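The next block is model-v7.txt, given as compact mmCIF, C-alpha atoms and all ligand atoms.
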```
# COMPACT_ATOMS: atom_id res chain seq x y z
CA MET A 1 -20.92 4.19 -1.02
CA LYS A 2 -22.17 7.77 -0.92
CA ARG A 3 -21.21 10.15 -3.66
CA PHE A 4 -20.31 13.65 -2.46
CA LEU A 5 -20.02 16.54 -4.85
CA SER A 6 -19.15 20.17 -4.38
CA GLY A 7 -18.06 23.16 -6.41
CA ILE A 8 -15.32 25.44 -5.16
CA GLN A 9 -15.34 29.06 -6.23
CA PRO A 10 -11.92 30.06 -7.53
CA SER A 11 -11.45 32.88 -5.10
CA GLY A 12 -7.67 32.74 -4.67
CA LEU A 13 -5.63 31.98 -1.57
CA PRO A 14 -7.47 30.18 1.24
CA HIS A 15 -7.92 31.62 4.72
CA LEU A 16 -8.71 29.92 8.00
CA GLY A 17 -12.47 30.21 7.29
CA ASN A 18 -12.12 28.43 3.96
CA TRP A 19 -10.05 25.75 5.62
CA PHE A 20 -12.35 24.93 8.53
CA GLY A 21 -15.58 25.80 6.69
CA ALA A 22 -14.89 23.90 3.50
CA MET A 23 -11.48 22.45 2.65
CA ALA A 24 -11.00 20.29 5.75
CA MET A 25 -14.48 18.83 5.30
CA HIS A 26 -13.82 18.12 1.62
CA LEU A 27 -10.63 16.27 2.41
CA GLU A 28 -12.33 14.32 5.19
CA LEU A 29 -15.35 13.34 3.07
CA ALA A 30 -13.02 12.01 0.38
CA ARG A 31 -11.97 9.36 2.88
CA GLU A 32 -15.59 8.55 3.74
CA GLY A 33 -17.12 8.14 0.28
CA GLU A 34 -16.72 8.93 -3.39
CA ALA A 35 -15.67 12.55 -3.74
CA TYR A 36 -16.30 14.79 -6.75
CA TRP A 37 -14.85 18.27 -6.29
CA PHE A 38 -14.55 20.82 -9.05
CA ILE A 39 -13.39 24.39 -9.45
CA ALA A 40 -16.43 26.45 -10.42
CA ASP A 41 -14.78 28.67 -13.02
CA LEU A 42 -17.94 29.10 -15.09
CA HIS A 43 -19.77 30.38 -12.05
CA ALA A 44 -16.88 32.70 -11.29
CA LEU A 45 -17.47 34.48 -14.63
CA THR A 46 -20.54 36.06 -13.07
CA THR A 47 -18.23 38.14 -10.88
CA VAL A 48 -14.66 37.94 -12.25
CA LYS A 49 -14.17 39.77 -15.55
CA ASP A 50 -10.41 39.50 -15.88
CA ALA A 51 -8.99 36.51 -17.79
CA ALA A 52 -5.56 36.52 -16.16
CA LYS A 53 -7.06 36.84 -12.70
CA LEU A 54 -9.50 33.99 -13.29
CA ARG A 55 -6.70 31.71 -14.51
CA GLU A 56 -4.54 32.65 -11.55
CA MET A 57 -7.27 32.09 -8.97
CA THR A 58 -8.30 28.79 -10.54
CA ARG A 59 -4.73 27.56 -10.39
CA GLU A 60 -4.41 28.81 -6.82
CA VAL A 61 -7.42 26.75 -5.68
CA ALA A 62 -6.15 23.64 -7.45
CA VAL A 63 -2.71 24.03 -5.90
CA SER A 64 -4.17 24.70 -2.43
CA TYR A 65 -6.23 21.51 -2.41
CA LEU A 66 -3.42 19.37 -3.78
CA ALA A 67 -0.92 20.90 -1.34
CA MET A 68 -3.18 20.16 1.61
CA GLY A 69 -3.50 16.52 0.68
CA LEU A 70 -6.23 16.01 -1.91
CA ASP A 71 -5.48 12.64 -3.43
CA PRO A 72 -6.36 12.74 -7.13
CA GLU A 73 -6.51 8.94 -7.24
CA ARG A 74 -9.34 8.85 -4.70
CA THR A 75 -11.00 12.14 -5.59
CA CYS A 76 -12.31 13.22 -8.94
CA PHE A 77 -11.00 16.80 -9.15
CA TRP A 78 -11.55 18.96 -12.21
CA ARG A 79 -12.25 22.38 -13.67
CA GLN A 80 -15.96 22.96 -14.32
CA SER A 81 -15.40 24.43 -17.80
CA ASP A 82 -13.66 21.23 -18.93
CA VAL A 83 -16.98 19.34 -18.71
CA PRO A 84 -19.34 21.01 -21.20
CA GLU A 85 -22.07 18.37 -20.66
CA VAL A 86 -23.02 20.29 -17.53
CA THR A 87 -23.98 23.36 -19.52
CA GLU A 88 -26.10 21.17 -21.83
CA VAL A 89 -28.02 19.77 -18.87
CA ALA A 90 -28.35 23.28 -17.43
CA TRP A 91 -30.28 24.25 -20.54
CA LEU A 92 -32.68 21.34 -20.06
CA LEU A 93 -33.24 22.30 -16.43
CA GLY A 94 -33.86 25.91 -17.41
CA THR A 95 -36.71 24.82 -19.66
CA VAL A 96 -38.59 23.24 -16.74
CA SER A 97 -37.80 25.84 -14.06
CA GLY A 98 -40.23 28.63 -13.32
CA MET A 99 -39.05 32.24 -13.26
CA GLY A 100 -40.64 32.50 -9.82
CA LEU A 101 -38.27 29.89 -8.42
CA LEU A 102 -35.18 31.84 -9.47
CA GLU A 103 -36.74 35.14 -8.43
CA ARG A 104 -36.80 33.79 -4.88
CA GLY A 105 -33.02 33.22 -4.93
CA HIS A 106 -31.51 35.15 -2.06
CA SER A 107 -27.94 34.84 -3.31
CA TYR A 108 -28.96 36.69 -6.48
CA LYS A 109 -30.84 39.32 -4.51
CA ASP A 110 -27.90 39.78 -2.11
CA LYS A 111 -25.39 40.18 -4.91
CA VAL A 112 -27.54 42.76 -6.66
CA ALA A 113 -28.03 44.58 -3.35
CA GLN A 114 -24.22 44.66 -3.01
CA GLY A 115 -24.03 46.51 -6.31
CA LEU A 116 -23.24 43.71 -8.77
CA THR A 117 -24.76 44.27 -12.22
CA PRO A 118 -27.70 41.87 -12.46
CA SER A 119 -26.63 39.95 -15.58
CA VAL A 120 -28.69 37.10 -17.00
CA GLY A 121 -25.81 34.82 -15.97
CA LEU A 122 -26.07 35.89 -12.35
CA PHE A 123 -29.80 35.19 -12.40
CA TYR A 124 -29.25 31.83 -14.09
CA TYR A 125 -26.45 30.84 -11.69
CA PRO A 126 -28.61 28.39 -9.69
CA VAL A 127 -29.62 26.52 -12.86
CA LEU A 128 -25.98 25.88 -13.74
CA MET A 129 -25.33 24.88 -10.14
CA ALA A 130 -28.25 22.44 -10.22
CA ALA A 131 -26.81 20.90 -13.39
CA ASP A 132 -23.39 20.63 -11.68
CA ILE A 133 -24.98 18.52 -9.00
CA ILE A 134 -27.44 16.51 -11.06
CA CYS A 135 -24.96 15.61 -13.80
CA PHE A 136 -22.99 13.41 -11.42
CA ASP A 137 -25.85 11.64 -9.64
CA ALA A 138 -24.59 13.20 -6.41
CA ASP A 139 -26.06 11.92 -3.12
CA GLU A 140 -24.84 14.73 -0.89
CA VAL A 141 -23.59 18.22 -1.47
CA PRO A 142 -21.45 19.71 1.30
CA VAL A 143 -22.00 23.47 1.34
CA GLY A 144 -21.93 26.57 3.45
CA LYS A 145 -25.22 27.89 4.84
CA ASP A 146 -25.61 30.45 2.05
CA GLN A 147 -25.70 27.68 -0.56
CA ILE A 148 -28.41 25.51 0.96
CA GLN A 149 -31.13 27.24 -1.05
CA HIS A 150 -29.23 26.47 -4.24
CA VAL A 151 -29.21 22.76 -3.43
CA GLU A 152 -32.92 22.96 -2.69
CA PHE A 153 -33.37 24.56 -6.12
CA ALA A 154 -31.51 21.60 -7.60
CA GLN A 155 -33.97 19.27 -5.85
CA ASP A 156 -36.87 21.27 -7.27
CA MET A 157 -35.43 21.32 -10.78
CA ALA A 158 -34.68 17.59 -10.79
CA GLY A 159 -38.25 17.01 -9.57
CA ALA A 160 -39.69 19.33 -12.23
CA PHE A 161 -37.84 17.54 -15.02
CA ASP A 162 -38.89 14.12 -13.71
CA ALA A 163 -42.50 15.26 -13.39
CA VAL A 164 -42.55 16.12 -17.11
CA TYR A 165 -40.36 13.35 -18.56
CA GLY A 166 -40.39 10.54 -15.99
CA PRO A 167 -37.71 9.46 -13.50
CA THR A 168 -34.37 10.68 -14.83
CA PHE A 169 -32.40 12.48 -12.14
CA LYS A 170 -31.22 11.69 -8.65
CA ARG A 171 -32.42 14.01 -5.88
CA PRO A 172 -29.44 15.47 -4.03
CA GLU A 173 -29.31 16.36 -0.34
CA TRP A 174 -27.23 19.12 1.23
CA ARG A 175 -24.82 18.70 4.10
CA LEU A 176 -23.74 21.62 6.23
CA SER A 177 -20.16 22.10 7.35
CA LYS A 178 -19.48 21.46 11.05
CA THR A 179 -17.78 24.87 11.20
CA PRO A 180 -20.05 27.17 9.22
CA LYS A 181 -18.61 30.38 10.62
CA VAL A 182 -15.04 31.24 11.51
CA SER A 183 -14.67 34.81 12.74
CA GLY A 184 -12.11 37.13 11.23
CA LEU A 185 -9.71 39.54 12.92
CA ASP A 186 -12.49 42.07 13.43
CA GLY A 187 -15.03 39.61 14.83
CA GLN A 188 -17.13 39.55 11.63
CA LYS A 189 -17.24 36.38 9.49
CA MET A 190 -13.77 35.89 8.02
CA SER A 191 -13.86 36.88 4.40
CA LYS A 192 -11.47 37.83 1.61
CA SER A 193 -13.39 40.99 0.99
CA TYR A 194 -13.40 42.27 4.60
CA GLY A 195 -9.61 42.45 5.03
CA ASN A 196 -9.99 40.42 8.24
CA ALA A 197 -8.51 37.10 7.12
CA LEU A 198 -5.66 34.96 8.33
CA TRP A 199 -4.11 33.07 5.40
CA ILE A 200 -3.23 29.43 5.87
CA PHE A 201 -0.12 29.54 3.65
CA GLU A 202 1.31 32.64 5.28
CA GLU A 203 4.40 31.91 7.35
CA GLY A 204 7.10 33.46 9.53
CA LYS A 205 6.89 37.18 10.15
CA ALA A 206 3.87 37.71 7.92
CA LEU A 207 1.91 35.11 9.90
CA THR A 208 3.00 36.50 13.27
CA LYS A 209 2.05 39.96 12.07
CA GLY A 210 -1.39 38.73 10.97
CA ILE A 211 -2.04 37.05 14.31
CA GLY A 212 -0.69 40.12 16.07
CA ARG A 213 -3.60 42.09 14.59
CA LEU A 214 -6.03 40.02 16.62
CA PRO A 215 -7.63 42.53 18.95
CA THR A 216 -7.22 41.91 22.67
CA ASP A 217 -8.12 44.01 25.70
CA SER A 218 -5.91 45.36 28.45
CA ARG A 219 -6.81 42.82 31.11
CA ALA A 220 -3.80 41.31 32.86
CA PRO A 221 -3.10 37.55 32.58
CA SER A 222 -4.00 37.15 36.24
CA GLU A 223 -7.50 38.56 35.77
CA PRO A 224 -10.06 35.73 35.41
CA LYS A 225 -11.67 35.67 31.95
CA ASP A 226 -14.53 33.83 30.30
CA PRO A 227 -13.07 32.26 27.13
CA ASP A 228 -16.53 31.88 25.57
CA GLY A 229 -17.05 34.65 23.08
CA MET A 230 -13.37 35.63 23.00
CA LEU A 231 -12.01 35.60 19.46
CA ILE A 232 -8.60 34.34 20.52
CA PHE A 233 -10.18 31.30 22.18
CA GLU A 234 -12.49 30.67 19.23
CA TRP A 235 -9.43 30.26 17.05
CA LEU A 236 -7.57 28.16 19.61
CA LYS A 237 -10.54 25.82 19.87
CA LEU A 238 -10.32 25.15 16.15
CA LEU A 239 -6.58 24.80 16.08
CA ILE A 240 -5.40 22.85 19.12
CA PRO A 241 -6.34 19.46 20.64
CA ALA A 242 -9.49 19.53 22.80
CA ASP A 243 -7.73 18.57 26.05
CA GLU A 244 -5.11 21.25 25.60
CA TYR A 245 -7.83 23.78 24.86
CA GLU A 246 -9.73 22.84 28.02
CA ALA A 247 -6.58 23.24 30.12
CA LEU A 248 -5.93 26.71 28.67
CA ALA A 249 -9.57 27.74 29.10
CA THR A 250 -9.50 26.63 32.73
CA ARG A 251 -6.33 28.64 33.36
CA ALA A 252 -8.01 31.68 31.80
CA ARG A 253 -11.18 31.24 33.88
CA GLU A 254 -9.19 30.92 37.08
CA GLY A 255 -6.67 33.65 36.36
CA GLY A 256 -4.02 34.19 39.04
CA ASP A 257 -0.37 33.50 38.37
CA LYS A 258 -1.26 30.65 35.95
CA GLY A 259 -3.53 32.90 33.87
CA PRO A 260 -2.33 32.83 30.24
CA GLY A 261 -1.20 36.11 28.68
CA TYR A 262 -2.40 37.12 25.23
CA GLY A 263 1.17 36.85 23.94
CA GLU A 264 1.35 33.21 24.95
CA LEU A 265 -2.01 32.48 23.30
CA LYS A 266 -1.02 34.20 20.07
CA LYS A 267 2.23 32.24 19.98
CA ARG A 268 0.25 29.04 20.38
CA ILE A 269 -1.97 30.01 17.44
CA ALA A 270 1.08 30.64 15.25
CA CYS A 271 2.64 27.37 16.31
CA ALA A 272 -0.60 25.42 15.70
CA MET A 273 -0.88 26.94 12.24
CA ASP A 274 2.69 25.93 11.47
CA GLU A 275 1.90 22.37 12.59
CA LEU A 276 -1.29 22.18 10.56
CA PHE A 277 -0.19 23.95 7.39
CA GLY A 278 3.65 23.73 7.44
CA ALA A 279 3.89 20.68 5.19
CA GLY A 280 1.19 22.10 2.89
CA ARG A 281 3.12 25.36 2.50
CA GLU A 282 6.18 23.46 1.28
CA GLU A 283 4.10 21.27 -1.01
CA ARG A 284 2.43 24.37 -2.44
CA LYS A 285 5.80 25.87 -3.38
CA LYS A 286 6.69 22.67 -5.24
CA LEU A 287 3.37 22.61 -7.07
CA LEU A 288 3.67 26.25 -8.08
CA ALA A 289 7.02 25.40 -9.62
CA HIS A 290 5.39 22.56 -11.60
CA PRO A 291 2.19 23.88 -13.14
CA GLU A 292 2.28 21.07 -15.69
CA HIS A 293 1.69 18.56 -12.91
CA VAL A 294 -1.37 20.46 -11.69
CA GLU A 295 -2.63 20.68 -15.26
CA ARG A 296 -2.23 16.91 -15.68
CA VAL A 297 -4.22 16.22 -12.52
CA LEU A 298 -7.07 18.48 -13.64
CA ALA A 299 -7.09 17.03 -17.16
CA SER A 300 -7.32 13.49 -15.88
CA GLY A 301 -10.06 14.50 -13.43
CA ALA A 302 -11.97 16.14 -16.26
CA GLU A 303 -11.79 12.98 -18.31
CA ARG A 304 -13.36 10.93 -15.51
CA ALA A 305 -15.91 13.64 -14.79
CA ARG A 306 -16.89 13.88 -18.45
CA SER A 307 -17.64 10.22 -18.74
CA ALA A 308 -19.93 10.40 -15.67
CA ALA A 309 -21.65 13.57 -16.90
CA ARG A 310 -22.07 12.23 -20.42
CA ALA A 311 -24.06 9.25 -19.14
CA VAL A 312 -26.47 11.52 -17.25
CA ARG A 313 -26.72 13.97 -20.16
CA ASP A 314 -27.54 11.11 -22.56
CA ARG A 315 -30.19 9.81 -20.18
CA ALA A 316 -31.76 13.25 -19.98
CA TYR A 317 -31.55 13.90 -23.74
CA LYS A 318 -33.26 10.60 -24.40
CA ALA A 319 -35.97 11.30 -21.84
CA CYS A 320 -36.95 14.60 -23.44
CA GLY A 321 -36.71 13.54 -27.08
CA LEU A 322 -33.33 14.87 -28.11
CA ARG A 323 -32.10 11.39 -29.05
P1 LIG B 401 -15.54 31.93 -0.33
O1 LIG B 401 -14.12 32.20 -0.03
O2 LIG B 401 -16.46 32.91 0.28
O3 LIG B 401 -15.80 31.67 -1.78
O4 LIG B 401 -15.92 30.57 0.40
C1 LIG B 401 -15.43 29.31 0.01
C2 LIG B 401 -15.91 28.27 1.00
O5 LIG B 401 -15.39 28.56 2.31
C3 LIG B 401 -17.42 28.21 1.16
O6 LIG B 401 -17.81 26.86 1.34
C4 LIG B 401 -17.70 28.98 2.42
O7 LIG B 401 -18.84 28.54 3.07
C5 LIG B 401 -16.44 28.71 3.24
N1 LIG B 401 -16.15 29.86 4.08
C6 LIG B 401 -15.75 31.10 3.66
N2 LIG B 401 -15.55 31.93 4.71
C7 LIG B 401 -15.84 31.22 5.82
C8 LIG B 401 -15.83 31.51 7.22
N3 LIG B 401 -15.48 32.70 7.67
N4 LIG B 401 -16.20 30.54 8.07
C9 LIG B 401 -16.54 29.31 7.62
N5 LIG B 401 -16.58 28.97 6.33
C10 LIG B 401 -16.23 29.90 5.43
N1 LIG B 402 -22.15 28.35 -5.61
C1 LIG B 402 -21.13 27.67 -4.85
C2 LIG B 402 -20.41 28.71 -3.94
O1 LIG B 402 -20.51 29.88 -4.16
C3 LIG B 402 -20.13 27.00 -5.75
C4 LIG B 402 -20.75 25.91 -6.56
C5 LIG B 402 -20.95 25.91 -7.90
C6 LIG B 402 -21.25 24.68 -6.05
N2 LIG B 402 -21.55 24.74 -8.28
C7 LIG B 402 -21.75 23.97 -7.17
C8 LIG B 402 -21.33 24.12 -4.79
C9 LIG B 402 -22.32 22.70 -7.04
C10 LIG B 402 -21.91 22.86 -4.64
C11 LIG B 402 -22.40 22.16 -5.76
O2 LIG B 402 -19.72 28.31 -3.02
```
For this file, write the structure as structure tokens.
Ligand code: AMP
Ligand code: TRP
Amino acid sequence: MKRFLSGIQPSGLPHLGNWFGAMAMHLELAREGEAYWFIADLHALTTVKDAAKLREMTREVAVSYLAMGLDPERTCFWRQSDVPEVTEVAWLLGTVSGMGLLERGHSYKDKVAQGLTPSVGLFYYPVLMAADIICFDADEVPVGKDQIQHVEFAQDMAGAFDAVYGPTFKRPEWRLSKTPKVSGLDGQKMSKSYGNALWIFEEGKALTKGIGRLPTDSRAPSEPKDPDGMLIFEWLKLLIPADEYEALATRAREGGDKGPGYGELKKRIACAMDELFGAGREERKKLLAHPEHVERVLASGAERARSAARAVRDRAYKACGLR
């Protein structure tokens, strides 16, 4: 059975892009193989410098995954900082990684270009990420496009260590999400920082209002339209069954008195979101009222994760003469 592993940045409430780009795939993979998902709170320290905010966002991610159906019996789910073995292995990897490798990192370069202070931690980020992956003998790492280079770095670092000390680590492969880009309300990639997101746990008026912000043109329902490239149809395609989507797209292409109006399409989006996320919204409220339950799940995940990471750490320590 394949072992999948991925880290989830604690970035707060999930939007439709997070759902289709990452969460849905994570939940699906957990049914296909062994799943190891963790909340990357140590990585988050490179950008979040507010203790209360970090705690809150970490809890929010944990609650979101559990609310949407993550089964902690099947999935090992923990908080990165609860497994210190990973930071020990990161040090080992750092000692065999060339500066030049990290200097090529485009995520680091992008973040600095965006104005983030270039701390040593930000530069070292890919080493910790490589250790995250290598410490669990992961076969495949599901990631967004921007993280592929980091998984390739992990391959390089595992290879570099093995070249010096002999076969020790498993070489991980990356796997790209089937939906790498969901557009936001303004047509750019949906993102928390662009103010263009639609939140999966939003409901009622707030949800309708969010969807209402979706820009449409002034063409009448009867005017034939090409659904390809239209934001409203991009979202519908993700949210409704394929046959229903095809029927709607055909009506739009043909126009006439069966041509769908934007109001009808927006209502369908709201309704589809209620169907998909309604139960999760209720579950989320329950979990928020019982933080001790969430804590228990993470603690038990950390225990399992630690025992897996300890074995790899011991193997690596032995290989390089630390034991
Ligand atoms: P972020 O919220 O940027 O930390 O992203 C968390 C996860 O969601 C990553 O795996 C991203 O690749 C994915 N993701 C974020 N925004 C989008 C989007 N607009 N479309 C598809 N995937 C996304
Ligand atoms: N860097 C990843 C992101 O920004 C999060 C992450 C940390 C991760 N460690 C990982 C992803 C290990 C996959 C494997 O999304």
**Message:** What residues of the protein or nucleic acid chains come within 7 Å of ligand LIG 402 (chain B) when you use only C-alpha atoms and all ligand atoms? Reply as a PyMOL selection string.
**Reply:** chain A and resi 5-9+40+43+129-130+132-133+141-143+147
What residues of the protein or nucleic acid chains come within 6 Å of ligand LIG 401 (chain B) when you use all atoms listed in the file? Reply as a JSON list (two decimals) with C-alpha atoms, in the frame of the given file.
```json
[["chain", "number", "residue", "atom", "x", "y", "z"],
["A", 9, "GLN", "CA", -15.34, 29.06, -6.23],
["A", 11, "SER", "CA", -11.45, 32.88, -5.10],
["A", 17, "GLY", "CA", -12.47, 30.21, 7.29],
["A", 18, "ASN", "CA", -12.12, 28.43, 3.96],
["A", 21, "GLY", "CA", -15.58, 25.80, 6.69],
["A", 22, "ALA", "CA", -14.89, 23.90, 3.50],
["A", 143, "VAL", "CA", -22.00, 23.47, 1.34],
["A", 144, "GLY", "CA", -21.93, 26.57, 3.45],
["A", 179, "THR", "CA", -17.78, 24.87, 11.20],
["A", 180, "PRO", "CA", -20.05, 27.17, 9.22],
["A", 181, "LYS", "CA", -18.61, 30.38, 10.62],
["A", 182, "VAL", "CA", -15.04, 31.24, 11.51],
["A", 183, "SER", "CA", -14.67, 34.81, 12.74],
["A", 189, "LYS", "CA", -17.24, 36.38, 9.49],
["A", 190, "MET", "CA", -13.77, 35.89, 8.02],
["A", 191, "SER", "CA", -13.86, 36.88, 4.40]]
```
Each residue of region 262-294 of chain A with at least one atom at most 10 Å from region 195-212 of chain A should appear once, together with its nearest atom pair and the corresponding distance in Å (one decimal); atoms considered: only C-alpha atoms; ordering: chain, then increasing residue number; output as CSV.
```
residue,atom,partner,partner_atom,distance
A:Tyr262,CA,A:Gly212,CA,9.8
A:Gly263,CA,A:Gly212,CA,8.7
A:Lys266,CA,A:Ile211,CA,6.5
A:Lys267,CA,A:Thr208,CA,8.0
A:Ile269,CA,A:Ile211,CA,7.7
A:Ala270,CA,A:Thr208,CA,6.5
A:Cys271,CA,A:Thr208,CA,9.6
A:Met273,CA,A:Ile200,CA,7.2
A:Asp274,CA,A:Glu203,CA,7.5
A:Leu276,CA,A:Ile200,CA,8.8
A:Phe277,CA,A:Ile200,CA,6.4
A:Gly278,CA,A:Phe201,CA,7.9
A:Ala279,CA,A:Phe201,CA,9.8
A:Gly280,CA,A:Phe201,CA,7.6
A:Arg281,CA,A:Phe201,CA,5.4
A:Glu282,CA,A:Phe201,CA,9.1
A:Arg284,CA,A:Phe201,CA,8.4
A:Lys285,CA,A:Phe201,CA,9.9
```
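The coordinates place CA of Tyr65 (chain A) at 27.6 Å from CA of Tyr108 (chain A).
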**Request:** Considering all atoms listed in the file, state which residue in the set A:His150, A:Arg251, A:Lys145, A:Lys2 is at the smallest distance from Tyr125 (chain A).
**Result:**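 The closest residue to Tyr125 (chain A) is A:His150.
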Let me have the centre and edge lengths of the axis-aligned box enclosing all listed atoms of region 301-308 of chain A with 6 Å padding on every side, in Å to one decimal, as lines of an AutoDock Vina configuration file.
```
center_x = -15.0
center_y = 13.2
center_z = -16.1
size_x = 21.9
size_y = 17.9
size_z = 17.3
```
**Coordinates-based distance that separates CA of Leu13 (chain A) from CA of Thr216 (chain A) (Å, one decimal)** =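 Separating CA of Thr216 (chain A) from CA of Leu13 (chain A) is a distance of 26.2 Å.
Counting all atoms listed in the file and comparing A:Pro227, A:Glu32, A:Thr46, A:Ser218, the residue that lies closest to Pro118 (chain A) is A:Thr46.
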**Item:** Nearest candidate to Asp110 (chain A) (options A:Gln155, A:Asp146, A:Pro84, A:Arg304; using only C-alpha atoms)
**Value:**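 Distance minimum relative to Asp110 (chain A) lands on A:Asp146.
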**Request:** Skip Gln149 (chain A) itself and residues of its chain fewer than 3 positions away, then list as a list in words all residues within 10 Å of it, counting only C-alpha atoms.
**Result:**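 Within the cut-off, the hits are Arg104, Gly105, His106, Ser107, Pro126, Lys145, Asp146, Glu152, Phe153, Ala154, Gln155 and Trp174 of chain A.
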**Asked** Which of these residues is nearest to Asp139 (chain A), using all atoms listed in the file: A:Pro172, A:Leu122, A:Ala51, A:Glu292?
**Response**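 Distance minimum relative to Asp139 (chain A) lands on A:Pro172.
As for CA of Leu93 (chain A) and CA of Thr75 (chain A), they are spaced 26.7 Å apart.
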**Request:** Determine the nearest neighbour of Trp19 (chain A) from the options A:Met68, A:Gly321, A:Lys286, A:Asp226, counting all atoms listed in the file.
**Result:**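 Answer, going by the shortest atom-to-atom distance: A:Met68.
Using all atoms listed in the file, the nearest neighbour of Thr95 (chain A) within the list A:Val127, A:Pro221, A:Leu66, A:Asp50 is A:Val127.
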